[in-house]
file run-v8.tsv (TSV, C-alpha atoms)
chain	number	residue	atom	x	y	z
A	1	MET	CA	0.00	0.00	0.00
A	2	ASP	CA	1.42	3.36	-1.07
A	3	VAL	CA	0.52	6.61	0.68
A	4	TYR	CA	0.83	9.98	-1.05
A	5	CYS	CA	0.27	13.43	0.41
A	6	VAL	CA	-1.74	14.96	-2.44
A	7	THR	CA	-1.78	18.43	-0.88
A	8	ALA	CA	2.01	18.64	-0.59
A	9	PRO	CA	2.40	21.15	-3.47
A	10	ALA	CA	-0.04	23.64	-1.90
A	11	GLU	CA	1.28	27.10	-1.08
A	12	SER	CA	-1.86	28.18	0.79
A	13	PHE	CA	-3.09	26.77	4.08
A	14	THR	CA	-4.47	23.24	3.95
A	15	CYS	CA	-4.29	20.03	5.88
A	16	ASN	CA	-2.36	17.02	4.66
A	17	ALA	CA	-4.70	14.90	2.51
A	18	TYR	CA	-3.45	11.36	2.03
A	19	LEU	CA	-4.16	9.08	-0.92
A	20	LEU	CA	-3.90	5.34	-0.21
A	21	THR	CA	-3.69	3.07	-3.22
A	22	GLY	CA	-4.54	-0.62	-3.10
A	23	GLU	CA	-7.61	-2.80	-2.77
A	24	ARG	CA	-9.85	0.11	-1.77
A	25	THR	CA	-8.35	3.35	-3.01
A	26	ALA	CA	-8.93	5.91	-0.30
A	27	LEU	CA	-8.41	9.56	0.53
A	28	VAL	CA	-8.01	10.54	4.17
A	29	ASP	CA	-9.35	14.11	4.29
A	30	ALA	CA	-9.90	16.22	1.20
A	31	GLY	CA	-7.91	19.30	2.15
A	32	ALA	CA	-8.21	22.87	0.90
A	33	TYR	CA	-5.82	22.67	-2.07
A	34	ALA	CA	-7.54	23.74	-5.29
A	35	ASP	CA	-5.53	21.29	-7.44
A	36	VAL	CA	-6.11	18.23	-5.26
A	37	VAL	CA	-8.17	16.46	-7.94
A	38	ASP	CA	-5.28	16.77	-10.41
A	39	GLU	CA	-2.88	15.43	-7.80
A	40	ILE	CA	-5.12	12.42	-7.16
A	41	GLU	CA	-5.46	11.78	-10.89
A	42	ALA	CA	-1.67	11.69	-11.18
A	43	HIS	CA	-1.79	8.45	-9.16
A	44	THR	CA	-5.17	6.88	-9.93
A	45	SER	CA	-8.28	7.29	-12.06
A	46	ASP	CA	-10.52	5.76	-9.38
A	47	LEU	CA	-11.22	6.76	-5.82
A	48	ASP	CA	-13.39	4.42	-3.79
A	49	VAL	CA	-13.75	6.33	-0.53
A	50	VAL	CA	-12.99	9.56	1.30
A	51	ALA	CA	-12.60	9.12	5.06
A	52	LEU	CA	-12.76	12.33	7.10
A	53	THR	CA	-10.93	12.79	10.39
A	54	HIS	CA	-13.05	15.89	11.08
A	55	GLN	CA	-14.78	18.69	9.21
A	56	HIS	CA	-12.73	21.83	9.81
A	57	GLY	CA	-12.45	23.83	6.59
A	58	ASP	CA	-8.84	22.95	5.87
A	59	HIS	CA	-9.87	19.27	5.84
A	60	VAL	CA	-13.07	19.43	3.77
A	61	ALA	CA	-13.00	22.54	1.55
A	62	GLU	CA	-12.22	20.48	-1.57
A	63	LEU	CA	-14.57	17.60	-0.73
A	64	PRO	CA	-17.24	18.76	-3.22
A	65	ALA	CA	-14.66	18.86	-6.03
A	66	VAL	CA	-13.34	15.42	-5.12
A	67	ALA	CA	-16.85	14.01	-4.90
A	68	GLU	CA	-17.79	15.46	-8.28
A	69	ALA	CA	-14.65	14.09	-9.94
A	70	PHE	CA	-14.69	10.55	-8.53
A	71	ASP	CA	-18.11	9.90	-6.92
A	72	PRO	CA	-16.55	8.09	-3.93
A	73	ALA	CA	-18.21	6.90	-0.77
A	74	VAL	CA	-17.77	9.52	1.97
A	75	GLU	CA	-17.33	8.22	5.50
A	76	ALA	CA	-17.49	10.64	8.41
A	77	TYR	CA	-18.43	10.78	12.08
A	78	ALA	CA	-20.62	13.89	11.81
A	79	ASP	CA	-23.33	14.64	9.29
A	80	HIS	CA	-22.34	16.21	5.99
A	81	SER	CA	-24.38	16.72	2.84
A	82	LEU	CA	-21.98	14.42	0.95
A	83	ARG	CA	-21.66	11.76	3.64
A	84	THR	CA	-22.74	8.30	2.47
A	85	ASN	CA	-21.78	6.33	5.57
A	86	ALA	CA	-21.66	7.32	9.24
A	87	ILE	CA	-18.69	5.96	11.18
A	88	ASP	CA	-18.40	5.67	14.94
A	89	ASP	CA	-15.90	4.69	17.61
A	90	GLY	CA	-14.85	1.06	17.24
A	91	ASP	CA	-15.98	0.67	13.63
A	92	ALA	CA	-13.70	-1.06	11.15
A	93	ILE	CA	-13.12	0.51	7.73
A	94	ARG	CA	-11.03	-0.62	4.80
A	95	LEU	CA	-8.57	1.96	3.47
A	96	GLY	CA	-6.07	0.93	0.83
A	97	ASP	CA	-4.97	-2.60	1.66
A	98	GLU	CA	-5.54	-2.46	5.41
A	99	THR	CA	-8.40	-2.53	7.89
A	100	PHE	CA	-8.45	0.44	10.24
A	101	GLU	CA	-10.25	0.88	13.54
A	102	VAL	CA	-12.08	4.16	14.04
A	103	VAL	CA	-11.08	5.81	17.32
A	104	TYR	CA	-13.17	8.77	18.53
A	105	THR	CA	-10.70	11.52	19.47
A	106	PRO	CA	-12.49	14.84	20.18
A	107	GLY	CA	-11.01	17.90	21.86
A	108	HIS	CA	-9.66	19.73	18.83
A	109	ALA	CA	-13.03	19.11	17.13
A	110	ASP	CA	-16.20	17.48	18.46
A	111	ASP	CA	-16.40	15.15	15.45
A	112	HIS	CA	-12.73	14.15	15.35
A	113	VAL	CA	-11.75	10.53	14.72
A	114	SER	CA	-8.45	8.80	14.07
A	115	PHE	CA	-7.81	5.68	12.00
A	116	VAL	CA	-5.55	2.91	13.35
A	117	SER	CA	-4.37	-0.28	11.64
A	118	GLU	CA	-1.71	-2.81	12.63
A	119	THR	CA	0.92	-0.68	10.86
A	120	THR	CA	-0.41	2.84	10.42
A	121	LEU	CA	-2.02	5.74	12.31
A	122	PHE	CA	-3.89	8.56	10.59
A	123	SER	CA	-4.22	10.96	13.50
A	124	GLY	CA	-5.78	14.03	11.90
A	125	ASP	CA	-5.08	16.96	14.23
A	126	VAL	CA	-5.23	15.16	17.59
A	127	VAL	CA	-1.53	14.19	17.50
A	128	VAL	CA	1.10	15.60	15.16
A	129	HIS	CA	4.75	14.66	14.81
A	130	ASP	CA	6.06	18.18	14.09
A	131	ASP	CA	4.01	21.26	13.27
A	132	GLY	CA	6.10	24.32	14.04
A	133	ALA	CA	4.93	24.46	17.65
A	134	PHE	CA	6.69	21.29	18.85
A	135	GLU	CA	8.88	18.64	17.28
A	136	TYR	CA	8.55	14.93	18.02
A	137	GLY	CA	5.10	14.98	19.54
A	138	SER	CA	2.63	17.84	19.21
A	139	PHE	CA	-1.15	18.04	19.54
A	140	GLY	CA	-4.13	19.85	18.09
A	141	ARG	CA	-4.89	23.39	19.22
A	142	THR	CA	-7.53	23.77	21.92
A	143	ASP	CA	-7.68	27.55	22.36
A	144	MET	CA	-10.68	28.26	20.12
A	145	ALA	CA	-14.40	28.14	20.87
A	146	GLY	CA	-15.75	24.61	21.25
A	147	GLN	CA	-12.32	23.08	21.87
A	148	SER	CA	-11.11	21.48	25.11
A	149	ARG	CA	-7.63	20.55	26.32
A	150	ASP	CA	-9.10	18.16	28.91
A	151	THR	CA	-11.09	16.34	26.24
A	152	LEU	CA	-8.05	16.24	23.96
A	153	ILE	CA	-5.99	14.64	26.74
A	154	GLU	CA	-8.64	11.96	27.21
A	155	SER	CA	-8.64	11.36	23.46
A	156	ILE	CA	-4.87	10.88	23.29
A	157	GLU	CA	-5.11	8.47	26.22
A	158	ARG	CA	-7.84	6.54	24.38
A	159	LEU	CA	-5.71	6.49	21.24
A	160	LEU	CA	-2.76	5.04	23.13
A	161	ASP	CA	-4.99	2.35	24.63
A	162	ARG	CA	-6.02	1.29	21.11
A	163	LEU	CA	-2.63	1.69	19.41
A	164	PRO	CA	-1.02	-1.64	18.44
A	165	ALA	CA	2.67	-2.00	19.29
A	166	SER	CA	3.26	-2.83	15.63
A	167	VAL	CA	2.30	0.63	14.32
A	168	GLU	CA	5.25	2.09	12.40
A	169	HIS	CA	3.78	4.99	10.42
A	170	LEU	CA	2.14	8.22	11.61
A	171	TYR	CA	0.34	10.44	9.10
A	172	ALA	CA	-0.99	13.59	10.74
A	173	GLY	CA	-3.12	16.43	9.45
A	174	HIS	CA	-0.19	18.85	9.55
A	175	GLY	CA	3.58	18.61	9.55
A	176	ASP	CA	5.67	15.72	8.30
A	177	ALA	CA	4.83	12.05	8.29
A	178	PHE	CA	6.78	9.96	10.81
A	179	HIS	CA	8.16	6.49	10.18
A	180	GLY	CA	9.47	4.77	13.26
A	181	ASP	CA	12.72	2.86	13.41
A	182	ALA	CA	15.52	2.04	15.84
A	183	PHE	CA	17.23	5.38	15.17
A	184	HIS	CA	14.28	7.80	15.09
A	185	GLY	CA	12.05	6.22	17.75
A	186	ASP	CA	8.57	4.80	17.39
A	187	VAL	CA	5.05	6.06	16.88
A	188	ARG	CA	3.93	5.21	20.40
A	189	ASP	CA	6.74	7.35	21.81
A	190	VAL	CA	5.67	10.30	19.64
A	191	VAL	CA	2.09	9.98	20.87
A	192	GLU	CA	3.20	9.62	24.49
A	193	THR	CA	5.36	12.75	24.13
A	194	ALA	CA	2.37	14.68	22.79
A	195	LEU	CA	0.27	13.46	25.72
A	196	GLU	CA	2.84	14.56	28.30
A	197	ARG	CA	3.07	18.01	26.73
A	198	ALA	CA	-0.70	18.32	26.71
A	199	ARG	CA	-0.90	17.20	30.35
A	200	ARG	CA	1.69	19.81	31.35
A	201	ARG	CA	-0.60	22.42	29.77
A	202	GLU	CA	2.17	23.58	27.50
A	203	PRO	CA	0.65	26.31	25.31
A	204	LYS	CA	0.75	25.47	21.63
A	205	TYR	CA	0.51	29.14	20.73
A	206	PRO	CA	1.72	32.14	22.80
A	207	ASP	CA	-1.80	33.48	23.41
A	208	GLU	CA	-3.38	30.14	24.35
call {"tool": "encode", "arguments": {"input": "run-v8.tsv", "output": "C-alpha cells"}}
result
Amino acid sequence: MDVYCVTAPAESFTCNAYLLTGERTALVDAGAYADVVDEIEAHTSDLDVVALTHQHGDHVAELPAVAEAFDPAVEAYADHSLRTNAIDDGDAIRLGDETFEVVYTPGHADDHVSFVSETTLFSGDVVVHDDGAFEYGSFGRTDMAGQSRDTLIESIERLLDRLPASVEHLYAGHGDAFHGDAFHGDVRDVVETALERARRREPKYPDE
C-alpha cells in the first residue's frame, strides 16, 4: 500500500490529505488545495472512498470537487451533505490494503476521529509529529471556541490504549509524516510525548 500526500504542493493553508492506493483506493481528508483532484489523478483514475478525520475547513473545503470528480463513498463521524456512511468509535473501515479501527478523538473538534491499523495511524489533528509548535510529539490546538484541552488529553489516552505496538507509520493532518525505526524512535513514543506536553498544559501558541 502506497501513501501519497496529495496536498504537498499547496502554497496556501491546507491540511495534509493522504491518498492510499490498493484494494480500496482511499483519501483521508480532502484538504483545501484547489488542485487536489489533479494530484489524485496523477496516481489513480478511481477513488473508492474519502474518510474524514473531522470537518474543519482545511480538511473538507475540496470535498465537493473530489466528490464530483470521482463519486466516492464519503465516511465521516458527523453529518455532511456528501456523507454516504456514518462511522463511529470502534468501527472497522477498509482503506487501501488495510483494515483500520475508528477511534473517537475529540477535543480539537467534536467530530474528530483517528484511523488505526496494525501498521499505520492517521491521526488528523489530535496528534502531530512536528508542526512548528513542537517537534517529536505535538497536539491539536484547543484555544478556540468549542475546543477542550481536557477532552483532547482523554482522546490521546484513548488512542494510546487502542494503538497496536506494531504501528510504524504516523500520518498527521499537519507537519511531516513519521516512520518509526531504531534510530528515530517509534510512533507510540511520539504519541506519548504529545500526551505529556498536553498534560503539562504547555501552550501550543503564545496566546493560548
call {"tool": "residues_around", "arguments": {"input": "run-v8.tsv", "residues": "Ser155 in chain A", "least_positions_apart": "3", "cutoff": "7 Å", "atoms": "only C-alpha atoms", "output": "short mmCIF file (atom, residue, chain, number, x, y, z; two decimals) with C-alpha atoms, in the coordinates of the input"}}
result
data_model
loop_
_atom_site.label_atom_id
_atom_site.label_comp_id
_atom_site.auth_asym_id
_atom_site.auth_seq_id
_atom_site.Cartn_x
_atom_site.Cartn_y
_atom_site.Cartn_z
CA THR A 105 -10.70 11.52 19.47
CA PRO A 106 -12.49 14.84 20.18
CA THR A 151 -11.09 16.34 26.24
CA LEU A 152 -8.05 16.24 23.96
CA ARG A 158 -7.84 6.54 24.38
CA LEU A 159 -5.71 6.49 21.24
#
call {"tool": "atom_distance", "arguments": {"input": "run-v8.tsv", "atom1": "CA of Ala182 in chain A", "atom2": "CA of Arg199 in chain A"}}
result
26.6 Å
call {"tool": "closest_residue", "arguments": {"input": "run-v8.tsv", "among": "A:Gly107, A:Gly140, A:Gly57, A:Gly22", "to": "Lys204 in chain A", "atoms": "only C-alpha atoms"}}
result
A:Gly140
call {"tool": "closest_residue", "arguments": {"input": "run-v8.tsv", "among": "A:Asp189, A:Asp46, A:Glu202, A:Asp89", "to": "Ala73 in chain A", "atoms": "only C-alpha atoms"}}
result
A:Asp46
call {"tool": "closest_residue", "arguments": {"input": "run-v8.tsv", "among": "A:Leu82, A:Leu160, A:Val103, A:Ala194", "to": "Ser138 in chain A", "atoms": "all atoms listed in the file"}}
result
A:Ala194
call {"tool": "closest_residue", "arguments": {"input": "run-v8.tsv", "among": "A:Arg200, A:Arg149, A:His112, A:His174", "to": "His56 in chain A", "atoms": "all atoms listed in the file"}}
result
A:His112
call {"tool": "atom_distance", "arguments": {"input": "run-v8.tsv", "atom1": "CA of Arg201 in chain A", "atom2": "CA of Asp150 in chain A"}}
result
9.5 Å
call {"tool": "residues_near_point", "arguments": {"input": "run-v8.tsv", "point": "(-18.3, 3.7, 18.1)", "cutoff": "10 Å", "atoms": "all atoms listed in the file", "output": "PyMOL selection string"}}
result
chain A and resi 77+87-92+101-104
call {"tool": "atom_distance", "arguments": {"input": "run-v8.tsv", "atom1": "CA of Val187 in chain A", "atom2": "CA of Leu20 in chain A"}}
result
19.3 Å
call {"tool": "build_atoms", "arguments": {"input": "run-v8.tsv", "residues": "range 191-207 of chain A", "atoms": "N, CA and C atoms", "output": "JSON list (two decimals), in the frame of the given file"}}
result
[["chain", "number", "residue", "atom", "x", "y", "z"],
["A", 191, "VAL", "N", 3.41, 9.72, 20.29],
["A", 191, "VAL", "CA", 2.09, 9.98, 20.87],
["A", 191, "VAL", "C", 2.19, 10.22, 22.37],
["A", 192, "GLU", "N", 3.01, 9.43, 23.05],
["A", 192, "GLU", "CA", 3.20, 9.62, 24.49],
["A", 192, "GLU", "C", 3.83, 10.98, 24.79],
["A", 193, "THR", "N", 4.75, 11.42, 23.95],
["A", 193, "THR", "CA", 5.36, 12.75, 24.13],
["A", 193, "THR", "C", 4.32, 13.84, 23.97],
["A", 194, "ALA", "N", 3.45, 13.71, 22.97],
["A", 194, "ALA", "CA", 2.37, 14.68, 22.79],
["A", 194, "ALA", "C", 1.46, 14.71, 24.01],
["A", 195, "LEU", "N", 1.14, 13.54, 24.54],
["A", 195, "LEU", "CA", 0.27, 13.46, 25.72],
["A", 195, "LEU", "C", 0.90, 14.16, 26.92],
["A", 196, "GLU", "N", 2.18, 13.92, 27.15],
["A", 196, "GLU", "CA", 2.84, 14.56, 28.30],
["A", 196, "GLU", "C", 2.87, 16.08, 28.15],
["A", 197, "ARG", "N", 3.09, 16.56, 26.95],
["A", 197, "ARG", "CA", 3.07, 18.01, 26.73],
["A", 197, "ARG", "C", 1.68, 18.57, 26.97],
["A", 198, "ALA", "N", 0.67, 17.86, 26.50],
["A", 198, "ALA", "CA", -0.70, 18.32, 26.71],
["A", 198, "ALA", "C", -1.05, 18.32, 28.20],
["A", 199, "ARG", "N", -0.62, 17.28, 28.91],
["A", 199, "ARG", "CA", -0.90, 17.20, 30.35],
["A", 199, "ARG", "C", -0.22, 18.32, 31.12],
["A", 200, "ARG", "N", 0.96, 18.73, 30.67],
["A", 200, "ARG", "CA", 1.69, 19.81, 31.35],
["A", 200, "ARG", "C", 1.12, 21.18, 31.00],
["A", 201, "ARG", "N", 0.07, 21.19, 30.19],
["A", 201, "ARG", "CA", -0.60, 22.42, 29.77],
["A", 201, "ARG", "C", 0.35, 23.34, 29.01],
["A", 202, "GLU", "N", 1.30, 22.77, 28.31],
["A", 202, "GLU", "CA", 2.17, 23.58, 27.50],
["A", 202, "GLU", "C", 1.35, 24.30, 26.43],
["A", 203, "PRO", "N", 1.44, 25.61, 26.32],
["A", 203, "PRO", "CA", 0.65, 26.31, 25.31],
["A", 203, "PRO", "C", 1.20, 26.03, 23.92],
["A", 204, "LYS", "N", 0.31, 25.69, 23.01],
["A", 204, "LYS", "CA", 0.75, 25.47, 21.63],
["A", 204, "LYS", "C", 1.03, 26.79, 20.94],
["A", 205, "TYR", "N", 0.30, 27.81, 21.31],
["A", 205, "TYR", "CA", 0.51, 29.14, 20.73],
["A", 205, "TYR", "C", 0.65, 30.14, 21.89],
["A", 206, "PRO", "N", 1.42, 31.22, 21.68],
["A", 206, "PRO", "CA", 1.72, 32.14, 22.80],
["A", 206, "PRO", "C", 0.50, 32.68, 23.51],
["A", 207, "ASP", "N", -0.61, 32.88, 22.79],
["A", 207, "ASP", "CA", -1.80, 33.48, 23.41],
["A", 207, "ASP", "C", -2.79, 32.46, 23.90]]
